[in-house]
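Chemist: Here you go, this is model-v3.pdb (PDB, C-alpha atoms, pLDDT in the B column).
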ATOM      1  CA  MET A   1     164.758  65.388 280.368  1.00 85.00           C
ATOM      2  CA  ASP A   2     163.350  63.263 283.208  1.00 94.00           C
ATOM      3  CA  PHE A   3     165.664  61.761 285.811  1.00 96.00           C
ATOM      4  CA  ASP A   4     165.265  58.142 284.709  1.00 96.00           C
ATOM      5  CA  THR A   5     166.285  58.999 281.137  1.00 96.00           C
ATOM      6  CA  LEU A   6     169.265  60.972 282.433  1.00 97.00           C
ATOM      7  CA  LEU A   7     170.255  58.041 284.636  1.00 98.00           C
ATOM      8  CA  ARG A   8     169.905  55.530 281.792  1.00 97.00           C
ATOM      9  CA  LEU A   9     171.941  57.620 279.375  1.00 97.00           C
ATOM     10  CA  HIS A  10     174.694  58.285 281.895  1.00 97.00           C
ATOM     11  CA  LEU A  11     174.789  54.651 282.966  1.00 97.00           C
ATOM     12  CA  TYR A  12     175.172  53.414 279.385  1.00 98.00           C
ATOM     13  CA  ARG A  13     177.708  56.059 278.377  1.00 97.00           C
ATOM     14  CA  ASP A  14     179.853  55.353 281.416  1.00 98.00           C
ATOM     15  CA  PHE A  15     179.681  51.587 280.828  1.00 98.00           C
ATOM     16  CA  VAL A  16     180.670  52.007 277.169  1.00 97.00           C
ATOM     17  CA  GLU A  17     183.487  54.472 277.899  1.00 97.00           C
ATOM     18  CA  THR A  18     185.090  52.464 280.671  1.00 96.00           C
ATOM     19  CA  GLY A  19     184.144  48.926 279.665  1.00 95.00           C
ATOM     20  CA  ARG A  20     183.017  48.358 283.236  1.00 95.00           C
ATOM     21  CA  PRO A  21     179.554  48.546 284.830  1.00 97.00           C
ATOM     22  CA  PRO A  22     179.173  51.700 286.918  1.00 98.00           C
ATOM     23  CA  SER A  23     178.276  51.143 290.561  1.00 98.00           C
ATOM     24  CA  THR A  24     175.261  52.893 292.017  1.00 98.00           C
ATOM     25  CA  GLU A  25     177.612  55.010 294.124  1.00 98.00           C
ATOM     26  CA  ARG A  26     179.589  56.075 291.074  1.00 98.00           C
ATOM     27  CA  LEU A  27     176.369  57.081 289.306  1.00 98.00           C
ATOM     28  CA  ALA A  28     175.210  59.050 292.346  1.00 98.00           C
ATOM     29  CA  ARG A  29     178.504  60.945 292.473  1.00 97.00           C
ATOM     30  CA  ALA A  30     178.509  61.694 288.755  1.00 97.00           C
ATOM     31  CA  LEU A  31     174.900  62.846 288.748  1.00 97.00           C
ATOM     32  CA  GLN A  32     175.300  64.694 292.067  1.00 97.00           C
ATOM     33  CA  THR A  33     172.174  62.967 293.282  1.00 97.00           C
ATOM     34  CA  PRO A  34     171.492  61.265 296.629  1.00 97.00           C
ATOM     35  CA  LEU A  35     172.249  57.558 296.569  1.00 97.00           C
ATOM     36  CA  ALA A  36     168.673  56.650 297.557  1.00 97.00           C
ATOM     37  CA  GLU A  37     167.293  58.525 294.542  1.00 98.00           C
ATOM     38  CA  VAL A  38     169.676  56.757 292.190  1.00 98.00           C
ATOM     39  CA  ARG A  39     168.784  53.383 293.713  1.00 98.00           C
ATOM     40  CA  ALA A  40     165.098  54.158 293.226  1.00 98.00           C
ATOM     41  CA  GLY A  41     165.768  55.162 289.630  1.00 98.00           C
ATOM     42  CA  MET A  42     167.665  51.915 289.007  1.00 98.00           C
ATOM     43  CA  GLU A  43     164.709  49.948 290.373  1.00 98.00           C
ATOM     44  CA  ARG A  44     162.327  51.815 288.059  1.00 97.00           C
ATOM     45  CA  LEU A  45     164.583  51.136 285.052  1.00 97.00           C
ATOM     46  CA  ALA A  46     164.677  47.468 286.036  1.00 96.00           C
ATOM     47  CA  ALA A  47     160.902  47.345 286.461  1.00 95.00           C
ATOM     48  CA  GLY A  48     160.607  48.765 282.949  1.00 92.00           C
ATOM     49  CA  LYS A  49     163.004  46.056 281.688  1.00 90.00           C
ATOM     50  CA  ALA A  50     165.569  48.611 280.502  1.00 93.00           C
ATOM     51  CA  ILE A  51     168.192  47.054 282.788  1.00 96.00           C
ATOM     52  CA  VAL A  52     168.570  43.991 285.022  1.00 96.00           C
ATOM     53  CA  LEU A  53     169.829  44.230 288.616  1.00 97.00           C
ATOM     54  CA  GLN A  54     171.662  41.605 290.633  1.00 96.00           C
ATOM     55  CA  PRO A  55     169.262  39.803 292.994  1.00 95.00           C
ATOM     56  CA  GLU A  56     170.817  40.793 296.331  1.00 96.00           C
ATOM     57  CA  SER A  57     173.215  43.707 295.903  1.00 97.00           C
ATOM     58  CA  ARG A  58     170.834  45.443 293.434  1.00 97.00           C
ATOM     59  CA  GLU A  59     173.881  46.575 291.501  1.00 97.00           C
ATOM     60  CA  LEU A  60     173.834  46.356 287.725  1.00 97.00           C
ATOM     61  CA  MET A  61     173.766  42.896 286.160  1.00 96.00           C
ATOM     62  CA  MET A  62     172.787  43.873 282.628  1.00 96.00           C
ATOM     63  CA  ALA A  63     172.352  47.155 280.873  1.00 97.00           C
ATOM     64  CA  THR A  64     171.033  45.175 277.957  1.00 95.00           C
ATOM     65  CA  PRO A  65     172.699  44.301 275.674  1.00 96.00           C
ATOM     66  CA  LEU A  66     175.769  44.957 277.876  1.00 98.00           C
ATOM     67  CA  CYS A  67     176.392  42.418 280.624  1.00 97.00           C
ATOM     68  CA  ALA A  68     178.202  43.391 283.824  1.00 96.00           C
ATOM     69  CA  LEU A  69     179.464  39.856 284.409  1.00 95.00           C
ATOM     70  CA  PRO A  70     181.870  37.733 282.339  1.00 96.00           C
ATOM     71  CA  THR A  71     180.196  35.479 279.754  1.00 96.00           C
ATOM     72  CA  PRO A  72     181.335  33.412 276.736  1.00 96.00           C
ATOM     73  CA  TYR A  73     180.279  36.267 274.395  1.00 97.00           C
ATOM     74  CA  LEU A  74     183.048  38.836 274.122  1.00 98.00           C
ATOM     75  CA  VAL A  75     182.659  41.850 271.839  1.00 98.00           C
ATOM     76  CA  ARG A  76     185.763  43.776 270.844  1.00 98.00           C
ATOM     77  CA  VAL A  77     185.319  47.367 269.665  1.00 97.00           C
ATOM     78  CA  GLY A  78     188.531  49.286 269.071  1.00 94.00           C
ATOM     79  CA  SER A  79     190.621  49.000 272.234  1.00 93.00           C
ATOM     80  CA  GLN A  80     187.556  48.255 274.394  1.00 96.00           C
ATOM     81  CA  SER A  81     185.741  44.998 275.048  1.00 97.00           C
ATOM     82  CA  TYR A  82     182.341  44.078 276.468  1.00 98.00           C
ATOM     83  CA  PHE A  83     180.418  40.964 277.418  1.00 98.00           C
ATOM     84  CA  GLY A  84     176.977  40.085 276.089  1.00 97.00           C
ATOM     85  CA  ALA A  85     174.755  37.638 277.969  1.00 94.00           C
ATOM     86  CA  CYS A  86     174.074  35.650 274.786  1.00 94.00           C
ATOM     87  CA  VAL A  87     174.867  35.777 271.085  1.00 95.00           C
ATOM     88  CA  TRP A  88     171.878  38.021 270.410  1.00 93.00           C
ATOM     89  CA  ASP A  89     173.055  40.519 273.016  1.00 95.00           C
ATOM     90  CA  GLY A  90     176.572  40.302 271.558  1.00 97.00           C
ATOM     91  CA  LEU A  91     175.104  41.300 268.210  1.00 97.00           C
ATOM     92  CA  GLY A  92     173.088  43.922 270.077  1.00 96.00           C
ATOM     93  CA  ILE A  93     176.249  45.536 271.442  1.00 97.00           C
ATOM     94  CA  MET A  94     177.651  45.738 267.933  1.00 97.00           C
ATOM     95  CA  ALA A  95     174.370  47.229 266.685  1.00 96.00           C
ATOM     96  CA  MET A  96     174.019  49.684 269.574  1.00 96.00           C
ATOM     97  CA  LEU A  97     177.556  51.059 269.309  1.00 97.00           C
ATOM     98  CA  ARG A  98     177.439  51.264 265.497  1.00 95.00           C
ATOM     99  CA  ARG A  99     181.152  50.722 265.190  1.00 95.00           C
ATOM    100  CA  ASP A 100     183.279  48.053 263.549  1.00 96.00           C
ATOM    101  CA  ALA A 101     183.338  45.168 265.990  1.00 97.00           C
ATOM    102  CA  THR A 102     184.017  41.481 266.463  1.00 97.00           C
ATOM    103  CA  LEU A 103     182.039  39.021 268.558  1.00 97.00           C
ATOM    104  CA  GLU A 104     184.152  36.139 269.832  1.00 97.00           C
ATOM    105  CA  THR A 105     182.727  32.941 271.264  1.00 97.00           C
ATOM    106  CA  SER A 106     182.900  29.185 270.758  1.00 97.00           C
ATOM    107  CA  CYS A 107     180.488  26.438 269.769  1.00 97.00           C
ATOM    108  CA  PRO A 108     178.826  25.090 272.970  1.00 96.00           C
ATOM    109  CA  CYS A 109     178.805  21.626 271.407  1.00 96.00           C
ATOM    110  CA  CYS A 110     182.395  21.148 270.266  1.00 97.00           C
ATOM    111  CA  GLY A 111     184.310  24.186 271.539  1.00 96.00           C
ATOM    112  CA  GLU A 112     185.487  25.381 268.134  1.00 97.00           C
ATOM    113  CA  ALA A 113     186.163  29.138 268.138  1.00 97.00           C
ATOM    114  CA  LEU A 114     183.640  31.288 266.269  1.00 97.00           C
ATOM    115  CA  ALA A 115     183.821  34.976 265.405  1.00 97.00           C
ATOM    116  CA  ILE A 116     181.253  37.320 263.899  1.00 97.00           C
ATOM    117  CA  GLU A 117     182.609  40.526 262.411  1.00 97.00           C
ATOM    118  CA  ALA A 118     180.757  43.717 261.483  1.00 96.00           C
ATOM    119  CA  VAL A 119     182.266  46.460 259.347  1.00 96.00           C
ATOM    120  CA  ALA A 120     180.411  49.661 258.462  1.00 93.00           C
ATOM    121  CA  GLY A 121     177.137  48.202 259.733  1.00 91.00           C
ATOM    122  CA  ARG A 122     177.338  44.987 257.693  1.00 93.00           C
ATOM    123  CA  LEU A 123     178.371  41.511 258.731  1.00 94.00           C
ATOM    124  CA  THR A 124     181.544  40.466 256.950  1.00 93.00           C
ATOM    125  CA  SER A 125     181.964  37.174 258.766  1.00 87.00           C
ATOM    126  CA  ALA A 126     179.004  35.276 260.201  1.00 85.00           C
ATOM    127  CA  PRO A 127     179.617  31.569 260.701  1.00 89.00           C
ATOM    128  CA  GLY A 128     177.163  29.230 262.376  1.00 94.00           C
ATOM    129  CA  ILE A 129     173.530  29.211 263.410  1.00 96.00           C
ATOM    130  CA  ILE A 130     171.701  30.489 266.494  1.00 96.00           C
ATOM    131  CA  HIS A 131     169.563  28.290 268.731  1.00 95.00           C
ATOM    132  CA  PHE A 132     166.810  29.896 270.803  1.00 91.00           C
ATOM    133  CA  GLY A 133     165.926  27.411 273.520  1.00 87.00           C
ATOM    134  CA  VAL A 134     163.187  29.410 275.247  1.00 85.00           C
ATOM    135  CA  PRO A 135     159.980  30.450 273.453  1.00 84.00           C
ATOM    136  CA  ALA A 136     159.659  34.221 272.983  1.00 78.00           C
ATOM    137  CA  ARG A 137     156.764  34.705 275.415  1.00 79.00           C
ATOM    138  CA  ARG A 138     158.889  33.181 278.235  1.00 72.00           C
ATOM    139  CA  TRP A 139     162.132  35.144 277.724  1.00 67.00           C
ATOM    140  CA  TRP A 140     161.491  37.478 280.662  1.00 62.00           C
ATOM    141  CA  GLU A 141     160.379  34.730 283.064  1.00 62.00           C
ATOM    142  CA  ASN A 142     164.081  34.182 283.678  1.00 59.00           C
ATOM    143  CA  ILE A 143     166.098  36.549 281.526  1.00 53.00           C
ATOM    144  CA  VAL A 144     169.399  35.288 282.917  1.00 56.00           C
ATOM    145  CA  PHE A 145     168.642  31.762 281.695  1.00 54.00           C
ATOM    146  CA  SER A 146     167.143  32.973 278.396  1.00 53.00           C
TER     147      SER A 146
ATOM    148  CA  MET B   1     170.500  32.016 272.721  1.00 88.00           C
ATOM    149  CA  LEU B   2     173.645  30.200 271.748  1.00 94.00           C
ATOM    150  CA  LEU B   3     175.777  30.256 268.618  1.00 97.00           C
ATOM    151  CA  PHE B   4     176.614  26.838 267.147  1.00 97.00           C
ATOM    152  CA  ARG B   5     178.793  25.829 264.210  1.00 96.00           C
ATOM    153  CA  GLY B   6     175.809  24.257 262.480  1.00 96.00           C
ATOM    154  CA  GLU B   7     172.475  22.531 262.895  1.00 96.00           C
ATOM    155  CA  GLU B   8     173.993  19.122 263.627  1.00 97.00           C
ATOM    156  CA  HIS B   9     175.890  20.682 266.539  1.00 97.00           C
ATOM    157  CA  VAL B  10     172.593  22.039 267.914  1.00 97.00           C
ATOM    158  CA  ASP B  11     171.033  18.576 267.723  1.00 96.00           C
ATOM    159  CA  ARG B  12     174.019  16.927 269.388  1.00 97.00           C
ATOM    160  CA  TRP B  13     174.103  19.529 272.188  1.00 96.00           C
ATOM    161  CA  CYS B  14     170.344  19.234 272.863  1.00 96.00           C
ATOM    162  CA  VAL B  15     170.670  15.443 273.234  1.00 96.00           C
ATOM    163  CA  GLN B  16     173.807  15.659 275.365  1.00 95.00           C
ATOM    164  CA  TRP B  17     172.331  18.194 277.781  1.00 94.00           C
ATOM    165  CA  LYS B  18     168.750  16.920 277.590  1.00 94.00           C
ATOM    166  CA  GLN B  19     167.468  20.281 276.396  1.00 92.00           C
ATOM    167  CA  PRO B  20     164.431  20.698 274.163  1.00 91.00           C
ATOM    168  CA  ARG B  21     165.227  21.791 270.637  1.00 92.00           C
ATOM    169  CA  GLY B  22     163.920  25.319 270.241  1.00 92.00           C
ATOM    170  CA  ALA B  23     164.068  27.526 267.152  1.00 92.00           C
ATOM    171  CA  LEU B  24     166.961  28.196 264.816  1.00 94.00           C
ATOM    172  CA  LEU B  25     167.836  31.617 263.510  1.00 92.00           C
ATOM    173  CA  MET B  26     170.240  32.607 260.768  1.00 92.00           C
ATOM    174  CA  ILE B  27     172.822  35.162 261.871  1.00 94.00           C
ATOM    175  CA  ASP B  28     171.648  37.680 259.281  1.00 92.00           C
ATOM    176  CA  GLN B  29     168.146  37.496 260.795  1.00 90.00           C
ATOM    177  CA  ALA B  30     169.536  37.924 264.316  1.00 92.00           C
ATOM    178  CA  TRP B  31     171.637  40.891 263.161  1.00 94.00           C
ATOM    179  CA  ARG B  32     168.582  42.661 261.788  1.00 91.00           C
ATOM    180  CA  LEU B  33     166.666  41.846 264.965  1.00 90.00           C
ATOM    181  CA  ALA B  34     169.526  43.196 267.109  1.00 92.00           C
ATOM    182  CA  GLN B  35     169.758  46.393 265.057  1.00 92.00           C
ATOM    183  CA  VAL B  36     166.077  47.173 265.564  1.00 89.00           C
ATOM    184  CA  TRP B  37     165.922  45.925 269.175  1.00 90.00           C
ATOM    185  CA  TYR B  38     169.048  47.622 270.493  1.00 94.00           C
ATOM    186  CA  GLY B  39     169.933  50.266 267.907  1.00 92.00           C
ATOM    187  CA  LYS B  40     168.439  53.141 269.915  1.00 93.00           C
ATOM    188  CA  LYS B  41     169.123  51.913 273.445  1.00 94.00           C
ATOM    189  CA  MET B  42     171.640  54.712 274.110  1.00 95.00           C
ATOM    190  CA  GLU B  43     169.390  57.452 272.746  1.00 95.00           C
ATOM    191  CA  ALA B  44     167.166  59.706 274.847  1.00 94.00           C
ATOM    192  CA  ASP B  45     163.983  58.790 273.013  1.00 92.00           C
ATOM    193  CA  TRP B  46     164.425  55.029 273.386  1.00 92.00           C
ATOM    194  CA  ARG B  47     161.478  53.251 274.862  1.00 88.00           C
ATOM    195  CA  ARG B  48     160.612  49.607 275.233  1.00 86.00           C
ATOM    196  CA  ALA B  49     158.624  48.355 272.263  1.00 85.00           C
ATOM    197  CA  THR B  50     154.981  47.528 272.848  1.00 87.00           C
ATOM    198  CA  LEU B  51     153.708  43.986 272.473  1.00 87.00           C
ATOM    199  CA  GLU B  52     152.189  44.848 269.111  1.00 89.00           C
ATOM    200  CA  GLU B  53     155.412  46.510 267.878  1.00 88.00           C
ATOM    201  CA  THR B  54     157.470  43.499 268.931  1.00 87.00           C
ATOM    202  CA  GLU B  55     155.044  41.160 267.179  1.00 88.00           C
ATOM    203  CA  GLY B  56     155.360  43.262 264.032  1.00 90.00           C
ATOM    204  CA  LEU B  57     159.147  43.174 264.254  1.00 87.00           C
ATOM    205  CA  LEU B  58     159.244  39.385 264.599  1.00 89.00           C
ATOM    206  CA  GLU B  59     156.728  38.903 261.790  1.00 90.00           C
ATOM    207  CA  GLY B  60     158.728  41.219 259.554  1.00 88.00           C
ATOM    208  CA  LEU B  61     161.719  38.934 259.959  1.00 86.00           C
ATOM    209  CA  GLY B  62     159.641  35.865 259.160  1.00 87.00           C
ATOM    210  CA  LEU B  63     159.619  34.733 262.791  1.00 88.00           C
ATOM    211  CA  THR B  64     156.100  33.403 263.093  1.00 89.00           C
ATOM    212  CA  GLY B  65     154.428  30.397 264.681  1.00 88.00           C
ATOM    213  CA  PRO B  66     153.903  29.269 268.281  1.00 87.00           C
ATOM    214  CA  PHE B  67     157.592  29.561 269.294  1.00 88.00           C
ATOM    215  CA  TRP B  68     157.718  33.260 268.425  1.00 89.00           C
ATOM    216  CA  SER B  69     154.262  34.114 269.758  1.00 88.00           C
ATOM    217  CA  LEU B  70     154.354  36.622 272.634  1.00 86.00           C
ATOM    218  CA  ARG B  71     150.869  35.875 273.886  1.00 82.00           C
ATOM    219  CA  PRO B  72     150.090  33.113 276.412  1.00 76.00           C
TER     220      PRO B  72
END
When written as structure tokens, how does the structure in this file appear?
Modeler:
Amino acid sequence: MDFDTLLRLHLYRDFVETGRPPSTERLARALQTPLAEVRAGMERLAAGKAIVLQPESRELMMATPLCALPTPYLVRVGSQSYFGACVWDGLGIMAMLRRDATLETSCPCCGEALAIEAVAGRLTSAPGIIHFGVPARRWWENIVFS
Amino acid sequence: MLLFRGEEHVDRWCVQWKQPRGALLMIDQAWRLAQVWYGKKMEADWRRATLEETEGLLEGLGLTGPFWSLRP
């Protein structure tokens, strides 16, 4: 297995297990790899749009669909919880983990609470409708806004 | 990509915040999209879909037209 795949898998597994984004230093320690090599690997993963890095610190911002920063899209899975950057990523977390899960958010218009629930891979509660404001070809022009 | 209670809430929000109205997606459609898009992200053989594969995925979910086009 190549290093970038190893890094990606470890990064995701650690994020999912702890519910927190792993720092580059933590990844370097766990993989027993020099920090500079891990940083370079993170940059390659970001260039390949597997992850998104913060603009200055170059620490993890998104291991899509997981978001390292708090957002209005909270996914609860067992005793763990995660943030998605948008409703699609919230659904993506539920799909990626393949476990019973609930996505909690609220209507941006009126503030009413909304929850989407998945059990055994099927949606059992799915209120509302999703608005995509940015055309598909422009999603990666500014993925944080999209 | 925001979740609203209903279409009238989308319209009201777009007017209030002076945002262009984009495309609407049913949650079932988004769920299927999320399953294909992210289902293998934690697996060793995951790779980013090609342009053609992504186009096929969107078309398969009935997401066609200029808004869903990936080409400039």
Chemist: Please, which residues in region 22-60 of chain B fall within 12 Å of region 39-56 of chain A when counting all atoms listed in the file, and what is the closest atom pair and distance in Å to one decimal for each, ordered by chain then residue number, as a Markdown table?
Modeler:
| residue | atom | partner | partner_atom | distance |
| --- | --- | --- | --- | --- |
| B:Trp37 | CA | A:Ala50 | CA | 11.6 |
| B:Tyr38 | CA | A:Ala50 | CA | 10.6 |
| B:Lys40 | CA | A:Ala50 | CA | 11.9 |
| B:Lys41 | CA | A:Ala50 | CA | 8.6 |
| B:Met42 | CA | A:Ala50 | CA | 10.7 |
| B:Trp46 | CA | A:Ala50 | CA | 9.7 |
| B:Arg47 | CA | A:Ala50 | CA | 8.4 |
| B:Arg48 | CA | A:Ala50 | CA | 7.3 |
| B:Ala49 | CA | A:Lys49 | CA | 10.6 |
| B:Thr50 | CA | A:Gly48 | CA | 11.6 |
Chemist: Rounded to one decimal, what separation in Å do you get between CA of Phe83 (chain A) and CA of Cys14 (chain B)?
Modeler: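 These two atoms are separated by 24.4 Å.
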Chemist: Could you check the closest approach to chain A for each of B:Thr54, B:Arg32, B:Gly39, B:Val15 and tell me which residue wins, using all atoms listed in the file?
Modeler: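 The closest residue to chain A is B:Gly39.
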Chemist: Counting only C-alpha atoms, which residues of chain A come no farther than 7 Å from chain B, as a short mmCIF file (atom, residue, chain, number, x, y, z; two decimals) with C-alpha atoms, in the frame of the given file?
Modeler:
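The resulting file, out_35.cif, is shown below:
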data_model
loop_
_atom_site.label_atom_id
_atom_site.label_comp_id
_atom_site.auth_asym_id
_atom_site.auth_seq_id
_atom_site.Cartn_x
_atom_site.Cartn_y
_atom_site.Cartn_z
CA THR A 5 166.28 59.00 281.14
CA LEU A 9 171.94 57.62 279.38
CA TYR A 12 175.17 53.41 279.38
CA CYS A 86 174.07 35.65 274.79
CA VAL A 87 174.87 35.78 271.08
CA TRP A 88 171.88 38.02 270.41
CA LEU A 91 175.10 41.30 268.21
CA GLY A 92 173.09 43.92 270.08
CA ALA A 95 174.37 47.23 266.68
CA MET A 96 174.02 49.68 269.57
CA CYS A 107 180.49 26.44 269.77
CA PRO A 108 178.83 25.09 272.97
CA CYS A 109 178.80 21.63 271.41
CA ALA A 126 179.00 35.28 260.20
CA PRO A 127 179.62 31.57 260.70
CA GLY A 128 177.16 29.23 262.38
CA ILE A 129 173.53 29.21 263.41
CA ILE A 130 171.70 30.49 266.49
CA HIS A 131 169.56 28.29 268.73
CA PHE A 132 166.81 29.90 270.80
CA GLY A 133 165.93 27.41 273.52
CA VAL A 134 163.19 29.41 275.25
CA PRO A 135 159.98 30.45 273.45
CA ALA A 136 159.66 34.22 272.98
CA ARG A 137 156.76 34.70 275.42
CA SER A 146 167.14 32.97 278.40
#
Chemist: Which residues come within 12 Å of Arg26 (chain A), counting all atoms listed in the file, excluding same-chain residues fewer than 2 positions away, as a list in words?
Modeler: Leu7, His10, Leu11, Asp14, Phe15, Arg20, Pro21, Pro22, Ser23, Thr24, Ala28, Arg29, Ala30, Leu31, Gln32, Thr33, Pro34, Leu35, Val38, Arg39, Glu59 and Leu60 of chain A
Chemist: Starting from the displayed file, determine the output of the PyMOL selection byres ((chain A and resi 69-74) around 6) and express the residue list as a list of chain:residue names.
Modeler: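 Against this file, the PyMOL selection byres ((chain A and resi 69-74) around 6) returns the residues A:Cys67, A:Ala68, A:Val75, A:Tyr82, A:Phe83, A:Gly84, A:Leu103, A:Glu104, A:Thr105.
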Chemist: Please define a box with edges along x, y and z of the file around all atoms of region 17-23 of chain B given in the file, extend it by 8 Å on each side, and return its centre and edge lengths in Å to one decimal, as JSON.
Modeler:
{"center_x": 168.1, "center_y": 22.2, "center_z": 272.5, "size_x": 24.4, "size_y": 26.6, "size_z": 26.6}
Chemist: Can you tell me how far CA of Leu66 (chain A) sits from CA of Glu53 (chain B), in Å to one decimal?
Modeler: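 According to the coordinates, CA of Leu66 (chain A) and CA of Glu53 (chain B) are separated by 22.7 Å.
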Chemist: Looking at A:Met61, A:Val16, A:Ala115, A:Leu123, which one is nearest to Ser79 (chain A), with distances taken over only C-alpha atoms?
Modeler: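 Closest to Ser79 (chain A) of all the choices is A:Val16.
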Chemist: Quote the spacing between CA of Phe3 (chain A) and CA of Ala36 (chain A) in Å to one decimal place.
Modeler: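 Going from CA of Phe3 (chain A) over to CA of Ala36 (chain A) covers 13.2 Å.
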